[in-house]
file upload11.pdb (PDB, C-alpha atoms)
ATOM      1  CA  MET A  69      13.614  13.805  20.133
ATOM      2  CA  LYS A  70      12.683  10.298  19.114
ATOM      3  CA  SER A  71       9.611   9.168  17.247
ATOM      4  CA  ARG A  72       7.987   5.841  17.935
ATOM      5  CA  MET A  73       7.825   3.356  15.075
ATOM      6  CA  LEU A  74       4.383   3.509  13.471
ATOM      7  CA  THR A  75       3.053   0.073  12.550
ATOM      8  CA  LEU A  76       1.266  -0.137   9.214
ATOM      9  CA  CYS A  77      -1.340  -2.840   8.754
ATOM     10  CA  ILE A  78      -1.656  -3.057   5.001
ATOM     11  CA  THR A  79      -4.927  -3.871   3.304
ATOM     12  CA  GLY A  80      -4.122  -4.399  -0.354
ATOM     13  CA  LEU A  81      -6.353  -4.994  -3.348
ATOM     14  CA  LEU A  82      -6.278  -8.718  -2.579
ATOM     15  CA  GLY A  83      -7.064  -8.373   1.116
ATOM     16  CA  GLN A  84      -4.808  -8.325   4.154
ATOM     17  CA  ALA A  85      -1.230  -8.103   2.944
ATOM     18  CA  GLY A  86       0.602  -7.857   6.256
ATOM     19  CA  CYS A  87       2.051  -5.186   8.511
ATOM     20  CA  GLY A  88       5.198  -3.096   8.304
ATOM     21  CA  ALA A  89       6.751   0.100   9.630
ATOM     22  CA  PHE A  90       8.815   3.020   8.442
ATOM     23  CA  GLU A  91      12.312   1.569   8.187
ATOM     24  CA  GLY A  92      14.757   3.387  10.455
ATOM     25  CA  GLU A  93      13.940   5.834  13.219
ATOM     26  CA  ALA A  94      13.964   9.610  13.022
ATOM     27  CA  THR A  95      15.904  10.898  16.028
ATOM     28  CA  GLY A  96      15.845  14.653  15.417
ATOM     29  CA  VAL A  97      14.788  17.361  13.039
ATOM     30  CA  GLU A  98      16.874  18.677  10.148
ATOM     31  CA  GLU A  99      19.095  15.589  10.360
ATOM     32  CA  ALA A 100      19.876  13.476   7.313
ATOM     33  CA  LEU A 101      19.004   9.894   8.203
ATOM     34  CA  VAL A 102      17.514   7.734   5.466
ATOM     35  CA  GLU A 103      16.524   9.467   2.252
ATOM     36  CA  SER A 104      15.072   7.513  -0.665
ATOM     37  CA  SER A 105      16.018   8.102  -4.277
ATOM     38  CA  GLN A 106      13.479   9.982  -6.342
ATOM     39  CA  ALA A 107      12.385  10.181  -9.955
ATOM     40  CA  ILE A 108       9.735  12.065 -11.931
ATOM     41  CA  ARG A 109       8.535  10.575 -15.211
ATOM     42  CA  GLY A 110       5.394  12.111 -16.639
ATOM     43  CA  ASN A 111       2.672  11.627 -14.041
ATOM     44  CA  VAL A 112       4.844   9.286 -11.948
ATOM     45  CA  VAL A 113       6.568  10.655  -8.833
ATOM     46  CA  SER A 114       8.748   7.932  -7.317
ATOM     47  CA  PHE A 115      10.890   8.161  -4.194
ATOM     48  CA  ASN A 116      12.937   5.048  -4.955
ATOM     49  CA  GLY A 117      13.348   5.348  -8.709
ATOM     50  CA  ALA A 118      10.792   2.609  -9.413
ATOM     51  CA  ALA A 119       8.118   2.736 -12.092
ATOM     52  CA  SER A 120       5.285   3.558  -9.663
ATOM     53  CA  SER A 121       4.324   6.729  -7.817
ATOM     54  CA  ASP A 122       4.784   6.710  -4.058
ATOM     55  CA  LEU A 123       3.153   8.492  -1.101
ATOM     56  CA  LEU A 124       4.846  11.059   1.158
ATOM     57  CA  TRP A 125       3.927  11.223   4.864
ATOM     58  CA  ARG A 126       4.553  13.785   7.604
ATOM     59  CA  GLU A 127       4.292  13.745  11.392
ATOM     60  CA  GLN A 128       4.034  17.454  12.097
ATOM     61  CA  SER A 129       4.657  17.291  15.850
ATOM     62  CA  THR A 130       8.199  15.929  15.445
ATOM     63  CA  GLY A 131       9.026  16.909  11.870
ATOM     64  CA  ASN A 132       9.510  13.261  10.907
ATOM     65  CA  MET A 133       9.001  12.203   7.292
ATOM     66  CA  GLY A 134       8.189   8.838   5.731
ATOM     67  CA  VAL A 135       7.343   7.301   2.382
ATOM     68  CA  TRP A 136       5.134   4.440   1.250
ATOM     69  CA  PHE A 137       6.649   2.651  -1.733
ATOM     70  CA  LEU A 138       3.951   1.436  -4.104
ATOM     71  CA  ASN A 139       3.950  -1.186  -6.833
ATOM     72  CA  GLY A 140       1.088   0.172  -8.879
ATOM     73  CA  PRO A 141      -1.730   0.644  -6.351
ATOM     74  CA  VAL A 142      -0.304  -1.939  -3.920
ATOM     75  CA  LEU A 143       1.798  -0.963  -0.895
ATOM     76  CA  SER A 144       5.130  -2.779  -1.166
ATOM     77  CA  GLY A 145       7.325  -1.176   1.513
ATOM     78  CA  THR A 146       8.083   1.858   3.646
ATOM     79  CA  ALA A 147      11.073   3.985   4.628
ATOM     80  CA  ALA A 148      11.937   6.927   6.851
ATOM     81  CA  LEU A 149      13.125  10.149   5.243
ATOM     82  CA  ALA A 150      15.295  12.795   6.838
ATOM     83  CA  ALA A 151      13.297  14.785   9.397
ATOM     84  CA  ILE A 152      12.771  18.514   9.018
ATOM     85  CA  SER A 153      11.777  21.177  11.540
ATOM     86  CA  PRO A 154       8.107  21.211  12.655
ATOM     87  CA  SER A 155       8.167  24.959  11.928
ATOM     88  CA  LEU A 156       7.901  23.964   8.243
ATOM     89  CA  MET A 157       5.100  22.117   6.435
ATOM     90  CA  VAL A 158       5.383  20.234   3.140
ATOM     91  CA  GLN A 159       3.560  21.879   0.229
ATOM     92  CA  ALA A 160       4.772  20.190  -2.972
ATOM     93  CA  ALA A 161       7.145  17.600  -4.437
ATOM     94  CA  SER A 162       8.573  18.215  -7.900
ATOM     95  CA  ASP A 163      11.707  19.333  -9.741
ATOM     96  CA  PHE A 164      12.812  22.807  -8.675
ATOM     97  CA  GLY A 165      16.222  22.888 -10.280
ATOM     98  CA  GLY A 166      18.290  21.123  -7.670
ATOM     99  CA  PRO A 167      21.819  19.822  -8.250
ATOM    100  CA  THR A 168      20.381  16.571  -9.604
ATOM    101  CA  ALA A 169      17.445  15.722 -11.824
ATOM    102  CA  ASP A 170      15.610  14.246  -8.847
ATOM    103  CA  PRO A 171      12.527  16.074  -7.553
ATOM    104  CA  ASP A 172      12.680  18.389  -4.578
ATOM    105  CA  LEU A 173      10.340  19.188  -1.688
ATOM    106  CA  VAL A 174       8.850  22.643  -1.110
ATOM    107  CA  TYR A 175       8.255  23.668   2.497
ATOM    108  CA  HIS A 176       6.187  26.588   3.751
ATOM    109  CA  SER A 177       6.864  28.252   7.083
ATOM    110  CA  THR A 178       4.150  27.775   9.686
ATOM    111  CA  THR A 179       5.236  31.090  11.235
ATOM    112  CA  ALA A 180       5.254  33.012   7.907
ATOM    113  CA  ALA A 181       8.382  34.882   8.944
ATOM    114  CA  LEU A 182      10.627  32.198   7.485
ATOM    115  CA  GLY A 183       9.003  32.154   4.059
ATOM    116  CA  GLU A 184       9.345  29.171   1.710
ATOM    117  CA  THR A 185      12.255  26.804   1.237
ATOM    118  CA  VAL A 186      13.177  24.012  -1.147
ATOM    119  CA  ARG A 187      14.934  20.873   0.033
ATOM    120  CA  PHE A 188      17.251  19.283  -2.530
ATOM    121  CA  THR A 189      17.935  15.545  -2.575
ATOM    122  CA  ASP A 190      19.691  13.063  -4.825
ATOM    123  CA  SER A 191      19.283   9.378  -5.542
ATOM    124  CA  THR A 192      22.124   8.052  -3.385
ATOM    125  CA  PRO A 193      20.092   8.871  -1.177
ATOM    126  CA  ALA A 194      21.364  12.049   0.440
ATOM    127  CA  LEU A 195      20.133  15.458   1.557
ATOM    128  CA  LEU A 196      21.968  18.024  -0.559
ATOM    129  CA  GLY A 197      20.764  21.067   1.343
ATOM    130  CA  MET A 198      17.994  23.633   1.484
ATOM    131  CA  THR A 199      17.580  27.062  -0.051
ATOM    132  CA  SER A 200      15.002  29.833   0.223
ATOM    133  CA  ILE A 201      12.539  30.664  -2.517
ATOM    134  CA  SER A 202      12.824  34.292  -3.553
ATOM    135  CA  PRO A 203      10.841  36.435  -3.065
ATOM    136  CA  VAL A 204       8.656  35.405  -0.132
ATOM    137  CA  LEU A 205       4.862  35.474  -0.349
ATOM    138  CA  PRO A 206       2.930  38.732   0.173
ATOM    139  CA  SER A 207       1.645  37.955   3.678
ATOM    140  CA  SER A 208       0.942  35.111   6.086
ATOM    141  CA  ALA A 209      -2.522  34.636   4.548
ATOM    142  CA  TRP A 210      -0.918  33.236   1.395
ATOM    143  CA  TYR A 211       0.344  29.671   1.121
ATOM    144  CA  VAL A 212       1.694  27.340  -1.557
ATOM    145  CA  ALA A 213      -1.230  25.099  -2.576
ATOM    146  CA  ALA A 214       0.428  22.849  -5.201
ATOM    147  CA  SER A 215       2.895  22.786  -8.084
ATOM    148  CA  GLY A 216       2.842  22.278 -11.855
ATOM    149  CA  ASP A 217       4.062  23.744 -15.142
ATOM    150  CA  PHE A 218       1.307  26.271 -15.700
ATOM    151  CA  ASN A 219       2.879  28.345 -18.508
ATOM    152  CA  LEU A 220       4.362  25.347 -20.371
ATOM    153  CA  ASP A 221       7.962  26.562 -20.267
ATOM    154  CA  GLY A 222       9.268  23.237 -18.976
ATOM    155  CA  ARG A 223       9.816  24.548 -15.434
ATOM    156  CA  THR A 224       7.819  23.743 -12.303
ATOM    157  CA  ASP A 225       5.733  26.626 -10.986
ATOM    158  CA  LEU A 226       3.734  27.188  -7.799
ATOM    159  CA  VAL A 227       0.063  27.987  -7.347
ATOM    160  CA  VAL A 228      -0.400  30.277  -4.357
ATOM    161  CA  HIS A 229      -3.746  30.625  -2.571
ATOM    162  CA  ASN A 230      -5.096  33.055   0.026
ATOM    163  CA  ARG A 231      -6.872  31.240   2.851
ATOM    164  CA  LEU A 232      -8.782  34.390   3.861
ATOM    165  CA  THR A 233      -9.957  35.867   0.543
ATOM    166  CA  GLY A 234     -10.004  32.973  -1.942
ATOM    167  CA  GLN A 235      -7.621  34.775  -4.301
ATOM    168  CA  TYR A 236      -4.892  32.807  -6.044
ATOM    169  CA  PHE A 237      -2.092  33.305  -8.527
ATOM    170  CA  TYR A 238       0.711  31.355 -10.187
ATOM    171  CA  ARG A 239       4.294  32.079  -9.241
ATOM    172  CA  TYR A 240       6.269  31.255 -12.387
ATOM    173  CA  MET A 241       9.579  29.741 -11.370
ATOM    174  CA  ASN A 242      13.058  29.080 -12.690
ATOM    175  CA  GLY A 243      14.259  26.628 -10.085
ATOM    176  CA  VAL A 244      13.915  28.487  -6.771
ATOM    177  CA  SER A 245      13.838  31.963  -8.367
ATOM    178  CA  SER A 246      10.606  33.701  -9.247
ATOM    179  CA  LEU A 247      10.127  34.856 -12.837
ATOM    180  CA  GLY A 248       7.051  36.835 -11.821
ATOM    181  CA  ASN A 249       3.439  36.245 -10.919
ATOM    182  CA  SER A 250       0.342  35.733 -13.021
ATOM    183  CA  PRO A 251      -2.619  38.080 -12.659
ATOM    184  CA  THR A 252      -4.510  37.394  -9.450
ATOM    185  CA  LEU A 253      -7.592  35.242  -9.863
ATOM    186  CA  SER A 254     -10.332  34.499  -7.350
ATOM    187  CA  ARG A 255     -12.877  31.886  -6.374
ATOM    188  CA  PRO A 256     -15.177  32.354  -3.394
ATOM    189  CA  LEU A 257     -14.399  30.454  -0.227
ATOM    190  CA  PRO A 258     -14.950  27.811   1.084
ATOM    191  CA  TRP A 259     -13.485  26.378  -2.153
ATOM    192  CA  HIS A 260      -9.775  25.579  -1.747
ATOM    193  CA  ILE A 261      -7.100  24.342  -4.175
ATOM    194  CA  VAL A 262      -5.985  20.890  -2.980
ATOM    195  CA  GLY A 263      -4.006  19.672  -5.994
ATOM    196  CA  ALA A 264      -2.646  20.485  -9.440
ATOM    197  CA  ALA A 265      -2.035  18.043 -12.312
ATOM    198  CA  ASP A 266      -2.918  17.403 -15.951
ATOM    199  CA  MET A 267      -6.190  15.614 -15.303
ATOM    200  CA  ASN A 268      -7.579  15.460 -18.846
ATOM    201  CA  GLY A 269      -4.348  14.672 -20.679
ATOM    202  CA  ASP A 270      -4.176  17.815 -22.826
ATOM    203  CA  GLY A 271      -0.668  18.702 -21.620
ATOM    204  CA  ARG A 272      -1.839  21.563 -19.392
ATOM    205  CA  THR A 273      -1.878  21.617 -15.594
ATOM    206  CA  ASP A 274      -5.375  21.701 -14.111
ATOM    207  CA  LEU A 275      -6.538  22.530 -10.584
ATOM    208  CA  LEU A 276      -8.313  20.255  -8.117
ATOM    209  CA  TRP A 277     -10.740  22.136  -5.871
ATOM    210  CA  ARG A 278     -12.519  20.983  -2.686
ATOM    211  CA  ASN A 279     -15.319  22.669  -0.762
ATOM    212  CA  LYS A 280     -14.521  22.894   2.946
ATOM    213  CA  SER A 281     -18.198  23.061   3.930
ATOM    214  CA  THR A 282     -19.880  20.498   1.676
ATOM    215  CA  GLY A 283     -17.173  18.016   0.657
ATOM    216  CA  GLN A 284     -17.800  18.776  -3.035
ATOM    217  CA  ASN A 285     -14.886  18.256  -5.429
ATOM    218  CA  GLU A 286     -14.212  19.747  -8.830
ATOM    219  CA  ILE A 287     -11.580  19.813 -11.541
ATOM    220  CA  ALA A 288     -10.979  23.204 -13.162
ATOM    221  CA  LEU A 289      -9.598  22.607 -16.654
ATOM    222  CA  MET A 290      -6.967  25.268 -17.211
ATOM    223  CA  ASN A 291      -4.935  26.845 -19.984
ATOM    224  CA  ASN A 292      -2.508  28.761 -17.787
ATOM    225  CA  THR A 293      -4.819  31.291 -16.081
ATOM    226  CA  ALA A 294      -7.781  30.709 -18.408
ATOM    227  CA  VAL A 295     -10.491  28.406 -17.087
ATOM    228  CA  LEU A 296     -11.610  26.239 -20.024
ATOM    229  CA  GLY A 297     -14.332  24.479 -18.073
ATOM    230  CA  SER A 298     -15.023  22.498 -14.939
ATOM    231  CA  VAL A 299     -15.960  18.928 -14.101
ATOM    232  CA  ALA A 300     -17.743  17.955 -10.908
ATOM    233  CA  LEU A 301     -16.422  14.906  -9.064
ATOM    234  CA  PRO A 302     -18.304  12.863  -6.455
ATOM    235  CA  VAL A 303     -18.811  14.393  -3.023
ATOM    236  CA  LEU A 304     -16.636  12.845  -0.318
ATOM    237  CA  SER A 305     -16.989  13.121   3.439
ATOM    238  CA  LEU A 306     -14.908  15.816   5.106
ATOM    239  CA  ALA A 307     -13.409  13.037   7.210
ATOM    240  CA  PHE A 308     -11.151  12.572   4.155
ATOM    241  CA  TYR A 309      -8.660  15.034   2.684
ATOM    242  CA  ALA A 310      -6.929  14.967  -0.717
ATOM    243  CA  GLY A 311      -3.301  14.034  -0.080
ATOM    244  CA  ALA A 312      -1.747  13.185  -3.444
ATOM    245  CA  THR A 313      -2.263  13.573  -7.202
ATOM    246  CA  ALA A 314      -0.157  11.305  -9.443
ATOM    247  CA  ASP A 315      -0.428   8.146 -11.539
ATOM    248  CA  TYR A 316      -0.921   5.236  -9.126
ATOM    249  CA  THR A 317      -2.413   2.688 -11.539
ATOM    250  CA  GLY A 318       0.221   2.691 -14.290
ATOM    251  CA  ASP A 319      -2.164   3.826 -17.022
ATOM    252  CA  GLY A 320      -0.554   7.246 -17.528
ATOM    253  CA  ARG A 321      -3.514   9.084 -16.009
ATOM    254  CA  VAL A 322      -3.481  11.163 -12.827
ATOM    255  CA  ASP A 323      -5.272   9.574  -9.861
ATOM    256  CA  ILE A 324      -6.275  11.056  -6.492
ATOM    257  CA  VAL A 325      -5.371   9.585  -3.103
ATOM    258  CA  TRP A 326      -7.405  10.448   0.003
ATOM    259  CA  HIS A 327      -6.682   9.850   3.681
ATOM    260  CA  ASN A 328      -9.101   9.572   6.586
ATOM    261  CA  PRO A 329      -7.088  10.269   9.775
ATOM    262  CA  GLY A 330      -9.903   8.994  11.987
ATOM    263  CA  SER A 331     -10.262   5.555  10.403
ATOM    264  CA  GLY A 332      -6.766   5.496   8.890
ATOM    265  CA  GLN A 333      -8.105   4.487   5.460
ATOM    266  CA  VAL A 334      -5.956   5.500   2.480
ATOM    267  CA  LEU A 335      -8.394   5.592  -0.429
ATOM    268  CA  LEU A 336      -7.397   5.581  -4.105
ATOM    269  CA  TRP A 337      -9.624   7.141  -6.718
ATOM    270  CA  TRP A 338      -8.796   5.445 -10.021
ATOM    271  CA  MET A 339      -9.353   8.232 -12.523
ATOM    272  CA  ASN A 340     -10.111   7.948 -16.227
ATOM    273  CA  GLY A 341      -9.228  11.484 -17.146
ATOM    274  CA  THR A 342     -11.791  13.643 -15.356
ATOM    275  CA  SER A 343     -14.105  10.720 -14.526
ATOM    276  CA  LEU A 344     -13.909   8.506 -11.462
ATOM    277  CA  SER A 345     -13.540   4.931 -12.685
ATOM    278  CA  SER A 346     -13.362   2.996  -9.408
ATOM    279  CA  THR A 347     -12.040   3.140  -5.844
ATOM    280  CA  SER A 348      -9.844   0.890  -3.714
ATOM    281  CA  THR A 349      -8.055   0.969  -0.372
ATOM    282  CA  ILE A 350      -4.253   1.129  -0.531
ATOM    283  CA  GLY A 351      -3.717   0.637   3.196
ATOM    284  CA  VAL A 352      -4.278   2.036   6.671
ATOM    285  CA  MET A 353      -2.202   4.776   8.296
ATOM    286  CA  GLY A 354      -3.052   5.234  11.960
ATOM    287  CA  THR A 355      -6.472   5.624  13.556
ATOM    288  CA  GLY A 356      -8.094   8.087  15.901
ATOM    289  CA  CYS A 357      -6.238  11.145  14.618
ATOM    290  CA  PRO A 358      -7.796  14.619  14.195
ATOM    291  CA  ALA A 359      -9.330  15.564  10.872
ATOM    292  CA  TRP A 360      -7.397  17.796   8.476
ATOM    293  CA  PHE A 361      -8.688  19.651   5.432
ATOM    294  CA  SER A 362      -5.806  20.808   3.275
ATOM    295  CA  GLN A 363      -2.388  22.397   3.031
ATOM    296  CA  ALA A 364      -4.028  25.757   3.808
ATOM    297  CA  THR A 365      -3.103  24.992   7.416
ATOM    298  CA  PRO A 366      -0.451  22.718   8.951
ATOM    299  CA  PRO A 367      -1.461  19.120   9.720
ATOM    300  CA  PRO A 368      -2.455  18.664  13.377
ATOM    301  CA  ALA A 369       0.704  18.414  15.467
ATOM    302  CA  VAL A 370      -0.315  15.308  17.406
ATOM    303  CA  TYR A 371       2.419  12.854  18.319
ATOM    304  CA  GLY A 372       2.078   9.612  16.378
ATOM    305  CA  CYS A 373      -0.398  11.052  13.832
ATOM    306  CA  TRP A 374       0.888  10.903  10.252
ATOM    307  CA  TYR A 375      -0.661  12.879   7.401
ATOM    308  CA  LEU A 376      -0.366  12.360   3.644
ATOM    309  CA  VAL A 377       1.333  15.440   2.147
ATOM    310  CA  GLY A 378       2.090  14.540  -1.441
ATOM    311  CA  PRO A 379       3.077  14.398  -4.143
ATOM    312  CA  ARG A 380       0.903  17.232  -5.398
TER
END
call {"tool": "encode", "arguments": {"input": "upload11.pdb", "output": "structure tokens"}}
result
Amino acid sequence: MKSRMLTLCITGLLGQAGCGAFEGEATGVEEALVESSQAIRGNVVSFNGAASSDLLWREQSTGNMGVWFLNGPVLSGTAALAAISPSLMVQAASDFGGPTADPDLVYHSTTAALGETVRFTDSTPALLGMTSISPVLPSSAWYVAASGDFNLDGRTDLVVHNRLTGQYFYRYMNGVSSLGNSPTLSRPLPWHIVGAADMNGDGRTDLLWRNKSTGQNEIALMNNTAVLGSVALPVLSLAFYAGATADYTGDGRVDIVWHNPGSGQVLLWWMNGTSLSSTSTIGVMGTGCPAWFSQATPPPAVYGCWYLVGPR
């Protein structure tokens, strides 16, 4: 199947910066077309090896993938990535021990029966293949919420959340193999994990929580499974969802990027540790698309509607 080219009208920090589109055209799922190089350096997750973090996009109805290349907080270009089956949804982007040092993408099965997979890429760019994560999650109620090094062993782990009970645990990883799970923790719904990153700069991965009923946001400061404290962030309309957590301002601190599928606004929260410093609009991605809350459920599978799915 073919996907139409999605025009991007870019509103940068200095005003209207022009329009562009994902370069190339995705013509089918699970087909290597155009894959950008990738690099992880501290809080930077780059899909073209540049010094700035980028944004990963997904059109769930076709399985098409795209990336916004950023120069700091300014949109500088776009590209199409290799499409992947709509039966999978993107959960995380990090290094899961692929054949190269470039980060990999974690996919979760929308049918639960397929479990989780990791997609390996290199910087040529090329798709190097996919492999299953072992073992699969306990049931279809569990999903991969985000990734980070929670036990400080230098390897990327997964935080797994239960959309029905509010329970969560860490799956400690060695590449795509599980080293075991942490004790199961719990927080009452409707709070959901929507990101994981070192927000306060202490070297430990923290959790970003969002309330599905009120739009409240909170950072849980973590030491592995121990909650050291929490910091409330400003409330944001449920028209927005948290799509990415990385350094987008070049100051070494983790920022938060939000997307409003209805208006198309891509909103950057410039973070100073656990405090919101300022906000700006990176650009506009589509308008008139259904709302989405988090990776607890797949993005709406509406043709032409793109959703921000990482890095996180």
call {"tool": "resolve_selection", "arguments": {"input": "upload11.pdb", "expression": "the PyMOL selection byres ((chain A and resi 158) around 9)", "output": "number ranges by chain"}}
result
A: 126, 156-157, 159-161, 173-176, 363, 366, 377-378
call {"tool": "write_last_selection", "arguments": {"input": "upload11.pdb", "atoms": "C-alpha atoms", "output": "PDB file, in the coordinates of the input"}}
result
ATOM      1  CA  ARG A 126       4.553  13.785   7.604  1.00  0.00           C
ATOM      2  CA  LEU A 156       7.901  23.964   8.243  1.00  0.00           C
ATOM      3  CA  MET A 157       5.100  22.117   6.435  1.00  0.00           C
ATOM      4  CA  GLN A 159       3.560  21.879   0.229  1.00  0.00           C
ATOM      5  CA  ALA A 160       4.772  20.190  -2.972  1.00  0.00           C
ATOM      6  CA  ALA A 161       7.145  17.600  -4.437  1.00  0.00           C
ATOM      7  CA  LEU A 173      10.340  19.188  -1.688  1.00  0.00           C
ATOM      8  CA  VAL A 174       8.850  22.643  -1.110  1.00  0.00           C
ATOM      9  CA  TYR A 175       8.255  23.668   2.497  1.00  0.00           C
ATOM     10  CA  HIS A 176       6.187  26.588   3.751  1.00  0.00           C
ATOM     11  CA  GLN A 363      -2.388  22.397   3.031  1.00  0.00           C
ATOM     12  CA  PRO A 366      -0.451  22.718   8.951  1.00  0.00           C
ATOM     13  CA  VAL A 377       1.333  15.440   2.147  1.00  0.00           C
ATOM     14  CA  GLY A 378       2.090  14.540  -1.441  1.00  0.00           C
TER      15      GLY A 378
END
call {"tool": "resolve_selection", "arguments": {"input": "upload11.pdb", "expression": "the PyMOL selection byres ((chain A and resi 354) around 10)", "output": "list of chain:residue names"}}
result
A:Leu74, A:Thr75, A:Leu76, A:Cys77, A:Asn328, A:Pro329, A:Gly330, A:Ser331, A:Gly332, A:Gln333, A:Val334, A:Gly351, A:Val352, A:Met353, A:Thr355, A:Gly356, A:Cys357, A:Gly372, A:Cys373, A:Trp374, A:Tyr375
call {"tool": "residues_around", "arguments": {"input": "upload11.pdb", "residues": "segment 244-260 of chain A", "least_positions_apart": "6", "cutoff": "6 Å", "atoms": "all atoms listed in the file", "output": "ChimeraX atom specification"}}
result
/A:201-202,234-238,277-280
call {"tool": "resolve_selection", "arguments": {"input": "upload11.pdb", "expression": "the PyMOL selection byres ((chain A and resi 379) around 9)", "output": "PyMOL selection string"}}
result
chain A and resi 113+121-124+159-162+214+311-314+376-378+380
call {"tool": "closest_residue", "arguments": {"input": "upload11.pdb", "among": "A:Ser120, A:Ser129, A:Thr342, A:Ser144", "to": "Gly269 of chain A", "atoms": "all atoms listed in the file"}}
result
A:Thr342
call {"tool": "closest_residue", "arguments": {"input": "upload11.pdb", "among": "A:Ile324, A:Ala359, A:Met339, A:Leu232", "to": "Leu306 of chain A", "atoms": "all atoms listed in the file"}}
result
A:Ala359
call {"tool": "atom_distance", "arguments": {"input": "upload11.pdb", "atom1": "atom CA of Gly318 of chain A", "atom2": "atom CA of Val112 of chain A"}}
result
8.4 Å
call {"tool": "closest_residue", "arguments": {"input": "upload11.pdb", "among": "A:Pro358, A:Pro141, A:Pro368, A:Gly216", "to": "Ala265 of chain A", "atoms": "only C-alpha atoms"}}
result
A:Gly216
call {"tool": "atom_distance", "arguments": {"input": "upload11.pdb", "atom1": "atom CA of Thr293 of chain A", "atom2": "atom CA of Asp274 of chain A"}}
result
9.8 Å
call {"tool": "closest_residue", "arguments": {"input": "upload11.pdb", "among": "A:Leu335, A:Leu275, A:Leu143, A:Ala209", "to": "Ala294 of chain A", "atoms": "only C-alpha atoms"}}
result
A:Leu275
call {"tool": "closest_residue", "arguments": {"input": "upload11.pdb", "among": "A:Phe115, A:Phe137, A:Trp125, A:Trp326", "to": "Ala151 of chain A", "atoms": "only C-alpha atoms"}}
result
A:Trp125
call {"tool": "atom_distance", "arguments": {"input": "upload11.pdb", "atom1": "atom CA of Ser208 of chain A", "atom2": "atom CA of Gly134 of chain A"}}
result
27.3 Å
call {"tool": "axis_aligned_box", "arguments": {"input": "upload11.pdb", "around": "segment 279-298 of chain A", "padding_each_side": "3 Å", "output": "JSON"}}
result
{"center_x": -11.2, "center_y": 24.7, "center_z": -8.0, "size_x": 23.4, "size_y": 19.3, "size_z": 30.0}
